[in-house]
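This is entry14.txt (compact mmCIF, C-alpha atoms (C1' of nucleotides)).
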```txt
# COMPACT_ATOMS: atom_id res chain seq x y z
CA MET F 421 97.14 111.65 92.34
CA ASN F 422 100.36 110.65 90.69
CA ILE F 423 100.35 107.59 92.90
CA ILE F 424 97.96 106.30 90.36
CA ASP F 425 100.40 106.78 87.55
CA GLU F 426 103.37 105.33 89.32
CA SER F 427 101.58 102.72 91.36
CA GLY F 428 101.89 99.02 90.86
CA ILE F 429 99.05 96.70 90.89
CA LEU F 430 96.28 98.76 92.37
CA ALA F 431 96.18 101.65 89.99
CA ILE F 432 94.28 99.94 87.27
CA SER F 433 92.28 97.83 89.62
CA THR F 434 90.61 100.55 91.64
CA ARG F 435 89.95 102.81 88.71
CA LEU F 436 88.23 100.04 86.86
CA GLN F 437 85.97 99.45 89.80
CA ARG F 438 85.04 103.11 90.02
CA LEU F 439 84.26 103.32 86.39
CA SER F 440 82.07 100.27 86.60
CA GLU F 441 80.18 101.54 89.63
CA GLN F 442 79.42 104.81 87.92
CA LEU F 443 78.15 103.10 84.84
CA ARG F 444 75.95 100.85 86.90
CA LYS F 445 74.36 103.70 88.80
CA ASP F 446 73.71 105.69 85.68
CA GLY F 447 72.29 102.60 84.05
CA ALA F 448 69.75 102.24 86.84
CA LEU F 449 68.79 105.92 86.56
CA PHE F 450 68.36 105.62 82.84
CA TYR F 451 65.95 102.70 83.22
CA LYS F 452 64.08 104.81 85.75
CA SER F 453 63.79 107.63 83.19
CA TYR F 454 61.68 105.24 81.16
CA GLY F 455 59.60 104.40 84.21
CA ILE F 456 61.26 100.99 84.31
CA ASP F 457 62.22 99.53 87.65
CA PHE F 458 65.20 97.47 86.64
CA GLU F 459 68.70 97.12 87.96
CA PRO F 460 71.59 96.68 85.58
CA LYS F 461 72.88 93.74 87.57
CA TRP F 462 69.75 91.79 86.63
CA PHE F 463 70.49 92.13 82.97
CA PRO F 464 72.65 89.06 82.41
CA VAL F 465 70.13 86.64 83.93
CA ILE F 466 67.16 88.18 82.16
CA TYR F 467 68.98 88.35 78.89
CA THR F 468 70.13 84.75 79.17
CA LEU F 469 66.66 83.47 79.97
CA HIS F 470 65.28 85.52 77.13
CA HIS F 471 67.41 83.57 74.72
CA LYS F 472 67.66 80.17 76.36
CA GLU F 473 64.14 80.05 77.87
CA ILE F 474 64.71 77.34 80.48
CA LEU F 475 67.89 76.80 82.44
CA SER F 476 69.04 75.45 85.78
CA VAL F 477 70.85 77.52 88.40
CA VAL F 478 74.30 76.30 87.49
CA GLU F 479 73.62 76.66 83.78
CA ILE F 480 72.69 80.30 84.31
CA ALA F 481 75.73 80.83 86.49
CA ASN F 482 77.93 79.52 83.70
CA GLU F 483 76.20 81.59 81.07
CA ILE F 484 76.58 84.83 82.98
CA GLY F 485 80.00 83.92 84.26
CA TYR F 486 79.26 84.26 87.96
CA THR F 487 79.69 81.74 90.73
CA HIS F 488 76.51 79.92 91.57
CA PRO F 489 76.03 81.54 94.99
CA SER F 490 76.11 84.97 93.39
CA THR F 491 73.71 83.74 90.77
CA ILE F 492 71.34 82.37 93.40
CA SER F 493 71.08 85.76 95.02
CA LEU F 494 70.30 87.39 91.68
CA LEU F 495 67.67 84.74 91.03
CA LYS F 496 66.09 85.41 94.41
CA GLU F 497 65.74 89.08 93.60
CA LEU F 498 64.26 88.37 90.22
CA GLU F 499 61.79 85.90 91.68
CA LYS F 500 60.76 88.50 94.21
CA GLN F 501 60.17 90.87 91.30
CA LYS F 502 58.09 88.15 89.65
CA LEU F 503 60.21 88.44 86.53
CA ILE F 504 61.27 84.81 86.65
CA ARG F 505 59.91 81.64 88.22
CA SER F 506 61.25 78.20 88.91
CA LYS F 507 60.09 74.63 89.03
CA LYS F 508 61.71 71.35 89.89
CA ASP F 509 63.11 69.26 87.10
CA LYS F 510 61.04 66.06 87.02
CA ILE F 511 63.90 63.98 85.73
CA ASP F 512 66.64 65.27 87.97
CA GLU F 513 65.20 66.22 91.34
CA ARG F 514 68.24 68.27 92.29
CA LYS F 515 67.68 70.80 89.57
CA ARG F 516 65.61 73.93 89.70
CA LEU F 517 64.57 75.11 86.28
CA LEU F 518 64.23 78.86 85.79
CA SER F 519 62.24 80.70 83.17
CA LEU F 520 60.81 84.14 82.52
CA THR F 521 57.30 84.95 83.69
CA PRO F 522 54.90 86.71 81.28
CA LYS F 523 55.66 89.86 83.25
CA GLY F 524 59.35 89.26 82.58
CA GLN F 525 58.75 88.82 78.89
CA GLU F 526 56.70 91.99 78.68
CA LEU F 527 59.41 93.89 80.49
CA ILE F 528 61.97 92.75 77.98
CA LEU F 529 59.93 94.25 75.17
CA LYS F 530 59.86 97.55 77.03
CA MET F 531 63.58 97.38 77.73
CA LYS F 532 64.77 96.61 74.24
CA PRO F 533 64.83 100.24 73.06
CA VAL F 534 66.54 101.19 76.31
CA TRP F 535 69.22 98.61 75.69
CA ASP F 536 69.73 100.03 72.24
CA VAL F 537 70.44 103.49 73.56
CA MET F 538 72.66 102.15 76.32
CA SER F 539 74.64 100.08 73.94
CA ASN F 540 75.28 103.10 71.74
CA VAL F 541 76.29 105.31 74.63
CA LEU F 542 78.60 102.66 75.91
CA LYS F 543 80.21 102.47 72.53
CA GLU F 544 80.54 106.24 72.52
CA ILE F 545 82.29 106.20 75.88
CA ALA F 546 84.48 103.19 75.37
CA ASP F 547 85.45 103.67 71.76
CA ASN F 548 88.35 106.04 71.78
CA GLN F 549 91.76 106.07 70.29
CA ASN F 550 92.30 103.12 72.59
CA ASN F 551 89.14 101.07 72.62
CA LEU F 552 88.30 100.02 76.17
CA LEU F 553 86.57 96.79 75.28
CA GLN F 554 89.35 95.84 72.95
CA ALA F 555 91.93 96.76 75.56
CA ILE F 556 90.15 94.57 78.07
CA ASN F 557 89.96 91.71 75.62
CA GLU F 558 93.61 91.99 74.85
CA ALA F 559 94.60 92.16 78.51
CA GLU F 560 92.36 89.21 79.35
CA ASN F 561 93.87 87.19 76.56
CA LYS F 562 97.39 87.91 77.69
CA ILE F 563 96.54 86.84 81.21
CA LYS F 564 94.78 83.75 79.94
CA HIS F 565 97.91 82.80 78.07
CA GLN F 566 100.22 83.52 80.99
CA SER F 567 99.09 84.96 84.31
CA PHE F 568 100.40 88.08 85.96
CA LEU F 569 102.06 85.88 88.55
CA GLN F 570 103.76 83.62 86.02
CA ARG F 571 105.06 86.59 84.10
CA ALA F 572 106.30 88.27 87.24
CA LEU F 573 108.04 85.13 88.51
CA GLN F 574 109.70 84.65 85.17
CA LEU F 575 110.96 88.21 85.03
CA LYS F 576 112.22 87.80 88.59
CA SER F 577 114.16 84.64 87.76
CA GLU F 578 115.75 86.29 84.74
CA GLU F 579 117.45 88.93 86.82
CA MET Q 104 79.20 83.70 76.98
CA ASN Q 105 78.08 85.90 74.11
CA ILE Q 106 75.85 87.67 76.60
CA ILE Q 107 78.97 89.53 77.38
CA ASP Q 108 79.39 90.72 73.86
CA GLU Q 109 75.82 91.72 73.35
CA SER Q 110 75.08 92.95 76.83
CA GLY Q 111 74.42 96.51 77.81
CA ILE Q 112 75.84 98.11 80.80
CA LEU Q 113 77.18 95.22 82.79
CA ALA Q 114 79.48 93.70 80.25
CA ILE Q 115 82.35 96.04 80.79
CA SER Q 116 81.63 96.51 84.43
CA THR Q 117 81.89 92.92 85.57
CA ARG Q 118 84.83 92.06 83.40
CA LEU Q 119 86.77 94.97 84.77
CA GLN Q 120 86.14 93.79 88.28
CA ARG Q 121 87.30 90.26 87.48
CA LEU Q 122 90.44 91.47 85.89
CA SER Q 123 91.22 93.64 88.87
CA GLU Q 124 90.61 90.85 91.36
CA GLN Q 125 92.92 88.52 89.51
CA LEU Q 126 95.67 91.08 89.41
CA ARG Q 127 95.28 91.75 93.09
CA LYS Q 128 95.54 88.10 94.04
CA ASP Q 129 98.58 87.54 91.88
CA GLY Q 130 100.14 90.66 93.30
CA ALA Q 131 99.82 89.28 96.81
CA LEU Q 132 101.34 85.97 95.75
CA PHE Q 133 104.22 87.68 94.06
CA TYR Q 134 105.07 89.61 97.23
CA LYS Q 135 104.93 86.29 99.06
CA SER Q 136 107.43 84.83 96.61
CA TYR Q 137 109.92 87.36 97.97
CA GLY Q 138 109.00 86.41 101.52
CA ILE Q 139 107.22 89.71 101.89
CA ASP Q 140 103.94 89.82 103.74
CA PHE Q 141 102.27 92.68 101.97
CA GLU Q 142 98.87 93.15 100.41
CA PRO Q 143 98.53 95.12 97.20
CA LYS Q 144 95.71 97.16 98.71
CA TRP Q 145 98.18 98.65 101.19
CA PHE Q 146 100.32 100.03 98.44
CA PRO Q 147 98.70 103.43 97.91
CA VAL Q 148 98.91 104.42 101.57
CA ILE Q 149 102.46 103.20 102.00
CA TYR Q 150 103.57 104.78 98.79
CA THR Q 151 101.94 108.08 99.67
CA LEU Q 152 103.51 108.19 103.11
CA HIS Q 153 106.83 107.26 101.60
CA HIS Q 154 106.74 110.45 99.55
CA LYS Q 155 104.81 112.82 101.78
CA GLU Q 156 106.14 111.58 105.14
CA ILE Q 157 103.38 113.06 107.37
CA LEU Q 158 99.73 113.36 106.46
CA SER Q 159 96.33 113.38 108.15
CA VAL Q 160 93.63 110.81 107.50
CA VAL Q 161 91.69 112.95 105.07
CA GLU Q 162 94.83 114.05 103.28
CA ILE Q 163 95.77 110.43 102.68
CA ALA Q 164 92.25 109.64 101.55
CA ASN Q 165 92.48 112.41 98.98
CA GLU Q 166 95.89 111.31 97.81
CA ILE Q 167 94.87 107.73 97.25
CA GLY Q 168 91.45 108.68 95.95
CA TYR Q 169 89.42 106.68 98.46
CA THR Q 170 86.72 107.84 100.84
CA HIS Q 171 87.95 108.47 104.32
CA PRO Q 172 86.14 105.50 105.90
CA SER Q 173 87.86 103.16 103.47
CA THR Q 174 91.12 104.87 104.20
CA ILE Q 175 90.62 104.51 107.94
CA SER Q 176 90.27 100.78 107.61
CA LEU Q 177 93.45 100.57 105.56
CA LEU Q 178 95.23 102.66 108.16
CA LYS Q 179 94.02 100.35 110.90
CA GLU Q 180 95.49 97.35 109.13
CA LEU Q 181 98.75 99.10 108.55
CA GLU Q 182 98.97 100.20 112.16
CA LYS Q 183 98.33 96.62 113.22
CA GLN Q 184 101.23 95.61 110.96
CA LYS Q 185 103.34 98.30 112.66
CA LEU Q 186 104.14 99.76 109.27
CA ILE Q 187 102.69 103.15 110.13
CA ARG Q 188 101.93 105.05 113.33
CA SER Q 189 99.91 108.11 114.24
CA LYS Q 190 99.96 111.00 116.65
CA LYS Q 191 97.62 113.89 117.36
CA ASP Q 192 98.23 117.20 115.66
CA LYS Q 193 99.10 119.67 118.40
CA ILE Q 194 97.66 122.61 116.53
CA ASP Q 195 94.43 121.03 115.35
CA GLU Q 196 93.27 118.49 117.89
CA ARG Q 197 90.90 116.82 115.46
CA LYS Q 198 93.68 115.64 113.24
CA ARG Q 199 95.58 112.41 113.42
CA LEU Q 200 98.95 112.58 111.71
CA LEU Q 201 100.21 109.40 110.09
CA SER Q 202 103.76 108.44 109.21
CA LEU Q 203 105.82 105.38 108.40
CA THR Q 204 107.54 103.47 111.17
CA PRO Q 205 111.16 102.42 110.76
CA LYS Q 206 109.82 98.95 110.00
CA GLY Q 207 107.68 100.49 107.27
CA GLN Q 208 110.64 102.29 105.78
CA GLU Q 209 112.72 99.14 105.77
CA LEU Q 210 109.95 97.25 104.08
CA ILE Q 211 109.77 99.82 101.32
CA LEU Q 212 113.42 99.23 100.54
CA LYS Q 213 112.72 95.52 100.23
CA MET Q 214 109.67 96.13 98.08
CA LYS Q 215 111.19 98.50 95.59
CA PRO Q 216 112.62 95.81 93.33
CA VAL Q 217 109.31 93.95 93.55
CA TRP Q 218 107.46 97.05 92.43
CA ASP Q 219 109.82 97.35 89.51
CA VAL Q 220 109.01 93.89 88.27
CA MET Q 221 105.30 94.36 88.84
CA SER Q 222 105.28 97.58 87.03
CA ASN Q 223 106.94 95.99 84.03
CA VAL Q 224 104.59 93.04 83.98
CA LEU Q 225 101.63 95.34 84.23
CA LYS Q 226 102.91 97.25 81.27
CA GLU Q 227 103.39 94.00 79.40
CA ILE Q 228 99.79 93.00 80.10
CA ALA Q 229 98.10 96.33 79.60
CA ASP Q 230 100.10 97.69 76.73
CA ASN Q 231 98.59 96.19 73.64
CA GLN Q 232 97.35 97.53 70.40
CA ASN Q 233 94.77 99.20 72.60
CA ASN Q 234 96.48 100.37 75.74
CA LEU Q 235 94.33 99.58 78.77
CA LEU Q 236 95.49 102.47 80.93
CA GLN Q 237 95.04 104.87 78.07
CA ALA Q 238 91.66 103.41 77.27
CA ILE Q 239 90.62 103.90 80.89
CA ASN Q 240 91.89 107.47 80.88
CA GLU Q 241 90.01 108.23 77.73
CA ALA Q 242 86.80 106.68 78.98
CA GLU Q 243 87.11 108.50 82.30
CA ASN Q 244 87.62 111.77 80.52
CA LYS Q 245 84.59 111.29 78.36
CA ILE Q 246 82.46 110.57 81.39
CA LYS Q 247 83.91 113.52 83.23
CA HIS Q 248 82.89 115.74 80.38
CA GLN Q 249 79.42 114.24 80.06
CA SER Q 250 78.15 111.34 82.13
CA PHE Q 251 76.73 108.11 80.82
CA LEU Q 252 73.32 109.21 82.02
CA GLN Q 253 73.50 112.60 80.34
CA ARG Q 254 74.56 111.04 77.08
CA ALA Q 255 71.85 108.43 77.26
CA LEU Q 256 69.13 110.96 78.07
CA GLN Q 257 70.26 113.11 75.21
CA LEU Q 258 70.21 110.26 72.74
CA LYS Q 259 66.78 109.31 74.03
CA SER Q 260 65.38 112.81 73.51
CA GLU Q 261 66.77 112.96 69.99
CA GLU Q 262 64.68 110.05 68.85
C1' DC L 485 81.89 136.57 121.79
C1' DA L 486 77.93 133.47 120.93
C1' DA L 487 75.73 131.04 117.13
C1' DA L 488 76.25 128.93 112.80
C1' DA L 489 78.78 126.58 109.52
C1' DC L 490 82.44 123.77 108.29
C1' DT L 491 86.01 120.17 108.82
C1' DA L 492 88.11 115.83 110.63
C1' DC L 493 87.38 111.63 112.21
C1' DG L 494 84.94 107.62 113.41
C1' DT L 495 81.15 103.98 113.42
C1' DA L 496 77.40 101.43 111.46
C1' DG L 497 75.25 99.51 107.90
C1' DT L 498 75.00 98.26 102.79
C1' DT L 499 76.43 96.07 98.51
C1' DA L 500 78.17 92.89 95.08
C1' DA L 501 80.98 89.84 94.50
C1' DA L 502 83.80 85.84 96.29
C1' DT L 503 85.11 81.22 99.15
C1' DA L 504 84.18 77.60 101.98
C1' DC L 505 81.22 74.43 103.60
C1' DA L 506 76.88 71.40 103.83
C1' DT L 507 73.38 68.47 102.00
C1' DA L 508 70.98 65.76 98.90
C1' DA L 509 70.32 63.52 94.49
C1' DA L 510 72.31 60.95 90.69
C1' DT L 511 75.81 58.13 88.71
C1' DA L 512 79.65 54.97 88.67
C1' DA L 513 82.31 51.32 90.55
C1' DA L 514 83.35 47.38 93.68
C1' DT G 329 73.70 46.58 95.79
C1' DT G 330 76.16 48.97 98.89
C1' DT G 331 79.75 52.41 98.64
C1' DA G 332 82.17 56.15 96.58
C1' DT G 333 82.22 60.03 93.54
C1' DT G 334 80.31 63.69 91.26
C1' DT G 335 76.86 67.21 90.56
C1' DA G 336 73.26 70.73 91.92
C1' DT G 337 71.83 73.65 95.06
C1' DG G 338 71.91 76.32 99.13
C1' DT G 339 73.81 78.79 103.40
C1' DA G 340 77.25 81.26 106.00
C1' DT G 341 81.00 84.05 106.05
C1' DT G 342 84.42 87.26 104.04
C1' DT G 343 86.10 91.25 101.48
C1' DA G 344 86.69 95.84 99.73
C1' DA G 345 84.54 99.34 98.62
C1' DC G 346 80.63 102.59 99.51
C1' DT G 347 76.96 106.00 101.89
C1' DA G 348 74.84 107.90 105.82
C1' DC G 349 75.18 109.54 110.11
C1' DG G 350 77.13 111.34 114.58
C1' DT G 351 80.42 113.90 117.35
C1' DA G 352 83.85 116.97 118.42
C1' DG G 353 87.02 120.54 117.32
C1' DT G 354 87.80 124.96 114.36
C1' DT G 355 86.59 128.94 111.86
C1' DT G 356 83.55 132.46 110.36
C1' DT G 357 80.02 135.75 110.93
C1' DG G 358 76.49 138.83 112.98
```

Kindly present the structure from the file in structure tokens form.
Amino acid sequence: MNIIDESGILAISTRLQRLSEQLRKDGALFYKSYGIDFEPKWFPVIYTLHHKEILSVVEIANEIGYTHPSTISLLKELEKQKLIRSKKDKIDERKRLLSLTPKGQELILKMKPVWDVMSNVLKEIADNQNNLLQAINEAENKIKHQSFLQRALQLKSEE
Amino acid sequence: MNIIDESGILAISTRLQRLSEQLRKDGALFYKSYGIDFEPKWFPVIYTLHHKEILSVVEIANEIGYTHPSTISLLKELEKQKLIRSKKDKIDERKRLLSLTPKGQELILKMKPVWDVMSNVLKEIADNQNNLLQAINEAENKIKHQSFLQRALQLKSEE
DNA sequence: CAAAACTACGTAGTTAAATACATAAATAAA
DNA sequence: TTTATTTATGTATTTAACTACGTAGTTTTG
């Protein structure tokens, strides 16, 4: 176990993944406890379309911060669930315009109270002496400013 | 982008994965900058065998905190790299005992200074006003004590 | 000591993301 | 107005983890 404490690059990495998987599973179960058949991974697309109404594939991908192939597979699932639908853009024939179905819009109404609870619980779990979200923000910002690799190479050259 | 800020369960989850992937990639590149052909994901096994010398598959899995199938695939890679080797346990014929090869031991000597730098950079990145490792520990502990699901169900029933 | 339960290992299949590549439409440039 | 470039979408493949299952030794129990 103390590998984790002494380890280099992987320590944080794997633990973050675990944590995220757990949260995802519990999220799905919590939806189920409301009789809602919804997977947490669908949230970003649904939420985006709830606010933006009509978007193309790439636009959604950018909004949710995934690559477009990943986004396409989410969209496929959501179309299968009849929560979203798509039609061709008449102006630009390459584009596929996505929007919520009435079923999708109804579902959102049902999910809103669930999201409320989830959001509070998440706060409860992540808001400690060291706030997880803040810690992530701060780490992301540091990396944005100068990557792990750049920092490491610099430290190496200083020796 | 503000999906991320307002989102429920996925916000943290996906960002943690991204962060970890970036660190992993940079880790690999940094090894390469020393002319070392080593993948960060191999670290836990190598490090464990460096300290424990001889362990079975399941023992390693427990040490590194992975399932045994995942561990087996790591072990396969490392055997292909000739960094570790295995022999049958004479007492318990089901067991396969793993240990470092001389090549593996040599490599560790070369990697030690690299690990030092990495470890420092990781500290630099993760140690902010909100310490990422600490934040993870704290979040993990909270979940250990009461899961996301339990907390959510409780909050739900209190309404 | 034979049957049952447990343990160690391995394989197969799944998942959620990514990259890399392919195609077709739209736009810009010669 | 062809040709080249860029953009939008889609498919195929890869990766790193997982769960589920099967088999073969080992240990425990009746």

Expressed in Å to a single decimal, how great is the separation between C1' of DA332 (chain G) and C1' of DA514 (chain L)?
9.3 Å

Hey, could you lay chain F over chain Q with a least-squares C-alpha fit (all atoms, paired in order) and save it as a short mmCIF file (atom, residue, chain, number, x, y, z; two decimals) with C-alpha atoms, in the frame of the given file?
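Saved the output as selection12.cif:
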```cif
data_model
loop_
_atom_site.label_atom_id
_atom_site.label_comp_id
_atom_site.auth_asym_id
_atom_site.auth_seq_id
_atom_site.Cartn_x
_atom_site.Cartn_y
_atom_site.Cartn_z
CA MET F 421 79.02 83.94 76.78
CA ASN F 422 77.79 86.15 74.00
CA ILE F 423 75.67 87.92 76.58
CA ILE F 424 78.86 89.67 77.35
CA ASP F 425 79.25 90.91 73.83
CA GLU F 426 75.70 92.02 73.37
CA SER F 427 75.01 93.12 76.90
CA GLY F 428 74.46 96.67 77.98
CA ILE F 429 75.95 98.16 80.97
CA LEU F 430 77.20 95.18 82.88
CA ALA F 431 79.48 93.60 80.36
CA ILE F 432 82.38 95.90 80.87
CA SER F 433 81.70 96.39 84.51
CA THR F 434 81.93 92.81 85.68
CA ARG F 435 84.87 91.92 83.51
CA LEU F 436 86.83 94.82 84.83
CA GLN F 437 86.21 93.66 88.35
CA ARG F 438 87.37 90.15 87.57
CA LEU F 439 90.50 91.34 85.95
CA SER F 440 91.29 93.53 88.91
CA GLU F 441 90.69 90.76 91.42
CA GLN F 442 93.02 88.44 89.59
CA LEU F 443 95.74 91.01 89.44
CA ARG F 444 95.38 91.71 93.12
CA LYS F 445 95.67 88.08 94.11
CA ASP F 446 98.68 87.51 91.94
CA GLY F 447 100.22 90.66 93.32
CA ALA F 448 99.94 89.31 96.85
CA LEU F 449 101.48 85.98 95.79
CA PHE F 450 104.33 87.74 94.09
CA TYR F 451 105.18 89.70 97.24
CA LYS F 452 105.07 86.40 99.10
CA SER F 453 107.60 84.93 96.64
CA TYR F 454 110.03 87.49 97.98
CA GLY F 455 109.16 86.55 101.54
CA ILE F 456 107.31 89.84 101.88
CA ASP F 457 104.03 89.91 103.74
CA PHE F 458 102.32 92.74 101.95
CA GLU F 459 98.92 93.17 100.40
CA PRO F 460 98.53 95.12 97.20
CA LYS F 461 95.70 97.13 98.69
CA TRP F 462 98.15 98.65 101.17
CA PHE F 463 100.28 100.04 98.42
CA PRO F 464 98.62 103.41 97.89
CA VAL F 465 98.83 104.43 101.55
CA ILE F 466 102.40 103.24 101.97
CA TYR F 467 103.48 104.82 98.75
CA THR F 468 101.82 108.11 99.64
CA LEU F 469 103.41 108.24 103.07
CA HIS F 470 106.73 107.35 101.54
CA HIS F 471 106.60 110.51 99.50
CA LYS F 472 104.64 112.88 101.71
CA GLU F 473 105.98 111.67 105.09
CA ILE F 474 103.25 113.07 107.34
CA LEU F 475 99.59 113.34 106.46
CA SER F 476 96.20 113.34 108.14
CA VAL F 477 93.50 110.75 107.49
CA VAL F 478 91.54 112.89 105.07
CA GLU F 479 94.68 114.00 103.27
CA ILE F 480 95.63 110.38 102.68
CA ALA F 481 92.11 109.57 101.56
CA ASN F 482 92.31 112.34 98.98
CA GLU F 483 95.74 111.28 97.81
CA ILE F 484 94.73 107.68 97.26
CA GLY F 485 91.32 108.60 95.98
CA TYR F 486 89.29 106.60 98.47
CA THR F 487 86.57 107.74 100.83
CA HIS F 488 87.83 108.38 104.31
CA PRO F 489 86.05 105.41 105.91
CA SER F 490 87.76 103.07 103.48
CA THR F 491 91.02 104.80 104.19
CA ILE F 492 90.54 104.44 107.94
CA SER F 493 90.21 100.71 107.61
CA LEU F 494 93.40 100.52 105.55
CA LEU F 495 95.17 102.64 108.15
CA LYS F 496 94.00 100.31 110.90
CA GLU F 497 95.49 97.33 109.12
CA LEU F 498 98.75 99.10 108.53
CA GLU F 499 98.96 100.20 112.15
CA LYS F 500 98.37 96.63 113.21
CA GLN F 501 101.27 95.64 110.95
CA LYS F 502 103.35 98.35 112.63
CA LEU F 503 104.14 99.82 109.23
CA ILE F 504 102.66 103.19 110.10
CA ARG F 505 101.90 105.07 113.30
CA SER F 506 99.85 108.08 114.22
CA LYS F 507 99.90 110.97 116.62
CA LYS F 508 97.57 113.82 117.38
CA ASP F 509 98.19 117.12 115.69
CA LYS F 510 99.07 119.59 118.46
CA ILE F 511 97.63 122.53 116.60
CA ASP F 512 94.41 120.97 115.41
CA GLU F 513 93.21 118.43 117.94
CA ARG F 514 90.83 116.80 115.48
CA LYS F 515 93.60 115.60 113.24
CA ARG F 516 95.51 112.37 113.43
CA LEU F 517 98.85 112.57 111.71
CA LEU F 518 100.12 109.39 110.07
CA SER F 519 103.67 108.48 109.18
CA LEU F 520 105.75 105.44 108.35
CA THR F 521 107.49 103.55 111.13
CA PRO F 522 111.16 102.54 110.69
CA LYS F 523 109.83 99.07 109.94
CA GLY F 524 107.66 100.59 107.23
CA GLN F 525 110.59 102.43 105.72
CA GLU F 526 112.73 99.31 105.69
CA LEU F 527 109.95 97.39 104.02
CA ILE F 528 109.75 99.95 101.27
CA LEU F 529 113.40 99.42 100.46
CA LYS F 530 112.75 95.69 100.17
CA MET F 531 109.68 96.27 98.03
CA LYS F 532 111.17 98.65 95.53
CA PRO F 533 112.63 95.95 93.27
CA VAL F 534 109.35 94.07 93.52
CA TRP F 535 107.47 97.13 92.39
CA ASP F 536 109.81 97.43 89.45
CA VAL F 537 109.04 93.94 88.23
CA MET F 538 105.32 94.39 88.83
CA SER F 539 105.25 97.61 86.96
CA ASN F 540 106.92 95.99 83.97
CA VAL F 541 104.61 93.01 83.97
CA LEU F 542 101.63 95.26 84.21
CA LYS F 543 102.87 97.17 81.23
CA GLU F 544 103.35 93.90 79.39
CA ILE F 545 99.78 92.85 80.10
CA ALA F 546 98.07 96.16 79.55
CA ASP F 547 100.04 97.44 76.60
CA ASN F 548 98.47 95.90 73.57
CA GLN F 549 97.18 97.16 70.32
CA ASN F 550 94.65 98.90 72.51
CA ASN F 551 96.42 100.09 75.61
CA LEU F 552 94.30 99.36 78.68
CA LEU F 553 95.51 102.27 80.76
CA GLN F 554 95.07 104.63 77.88
CA ALA F 555 91.63 103.21 77.17
CA ILE F 556 90.68 103.74 80.79
CA ASN F 557 92.00 107.28 80.74
CA GLU F 558 90.09 108.06 77.62
CA ALA F 559 86.87 106.55 78.95
CA GLU F 560 87.27 108.38 82.25
CA ASN F 561 87.82 111.64 80.46
CA LYS F 562 84.74 111.20 78.33
CA ILE F 563 82.65 110.50 81.39
CA LYS F 564 84.18 113.43 83.22
CA HIS F 565 83.17 115.67 80.36
CA GLN F 566 79.67 114.24 80.10
CA SER F 567 78.37 111.35 82.18
CA PHE F 568 76.89 108.14 80.88
CA LEU F 569 73.53 109.32 82.13
CA GLN F 570 73.72 112.71 80.45
CA ARG F 571 74.73 111.15 77.18
CA ALA F 572 71.98 108.57 77.39
CA LEU F 573 69.31 111.15 78.23
CA GLN F 574 70.43 113.31 75.36
CA LEU F 575 70.33 110.46 72.88
CA LYS F 576 66.88 109.56 74.21
CA SER F 577 65.55 113.08 73.72
CA GLU F 578 66.89 113.21 70.18
CA GLU F 579 64.75 110.32 69.05
#
```

Write down, as a PDB file with C-alpha atoms (C1' of nucleotides), keeping the file's coordinate frame, each residue of chain L that has any atom within 12 Å of an atom of chain Q, counting only C-alpha atoms (C1' of nucleotides).
```pdb
ATOM      1  C1'  DT L 491      86.010 120.170 108.820  1.00  0.00           C
ATOM      2  C1'  DA L 492      88.110 115.830 110.630  1.00  0.00           C
ATOM      3  C1'  DC L 493      87.380 111.630 112.210  1.00  0.00           C
ATOM      4  C1'  DG L 494      84.940 107.620 113.410  1.00  0.00           C
ATOM      5  C1'  DT L 495      81.150 103.980 113.420  1.00  0.00           C
ATOM      6  C1'  DA L 496      77.400 101.430 111.460  1.00  0.00           C
ATOM      7  C1'  DA L 500      78.170  92.890  95.080  1.00  0.00           C
ATOM      8  C1'  DA L 501      80.980  89.840  94.500  1.00  0.00           C
ATOM      9  C1'  DA L 502      83.800  85.840  96.290  1.00  0.00           C
TER      10       DA L 502
END
```

Give me, as a PyMOL selection string, the contact residues of chain G against chain Q at a cut-off of 9 Å, counting only C-alpha atoms (C1' of nucleotides).
chain G and resi 344-346+352-354

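Taking CA of Ile228 (chain Q) and CA of Ser440 (chain F) as endpoints, the distance between them is 20.2 Å.
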
Tell me as a PDB file with C-alpha atoms, keeping the file's coordinate frame which residues belonging to chain Q come within 6 Å of chain F, counting all atoms listed in the file.
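Output contents, as saved in out.pdb:
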```pdb
ATOM      1  CA  MET Q 104      79.200  83.700  76.980  1.00  0.00           C
ATOM      2  CA  GLY Q 111      74.420  96.510  77.810  1.00  0.00           C
ATOM      3  CA  SER Q 116      81.630  96.510  84.430  1.00  0.00           C
ATOM      4  CA  LEU Q 119      86.770  94.970  84.770  1.00  0.00           C
ATOM      5  CA  GLN Q 120      86.140  93.790  88.280  1.00  0.00           C
ATOM      6  CA  SER Q 123      91.220  93.640  88.870  1.00  0.00           C
ATOM      7  CA  ASP Q 129      98.580  87.540  91.880  1.00  0.00           C
ATOM      8  CA  GLU Q 166      95.890 111.310  97.810  1.00  0.00           C
ATOM      9  CA  SER Q 222     105.280  97.580  87.030  1.00  0.00           C
ATOM     10  CA  ILE Q 228      99.790  93.000  80.100  1.00  0.00           C
ATOM     11  CA  ALA Q 229      98.100  96.330  79.600  1.00  0.00           C
ATOM     12  CA  ASN Q 233      94.770  99.200  72.600  1.00  0.00           C
ATOM     13  CA  ASN Q 234      96.480 100.370  75.740  1.00  0.00           C
ATOM     14  CA  LEU Q 235      94.330  99.580  78.770  1.00  0.00           C
ATOM     15  CA  ALA Q 238      91.660 103.410  77.270  1.00  0.00           C
ATOM     16  CA  ALA Q 242      86.800 106.680  78.980  1.00  0.00           C
ATOM     17  CA  LEU Q 252      73.320 109.210  82.020  1.00  0.00           C
TER      18      LEU Q 252
END
```
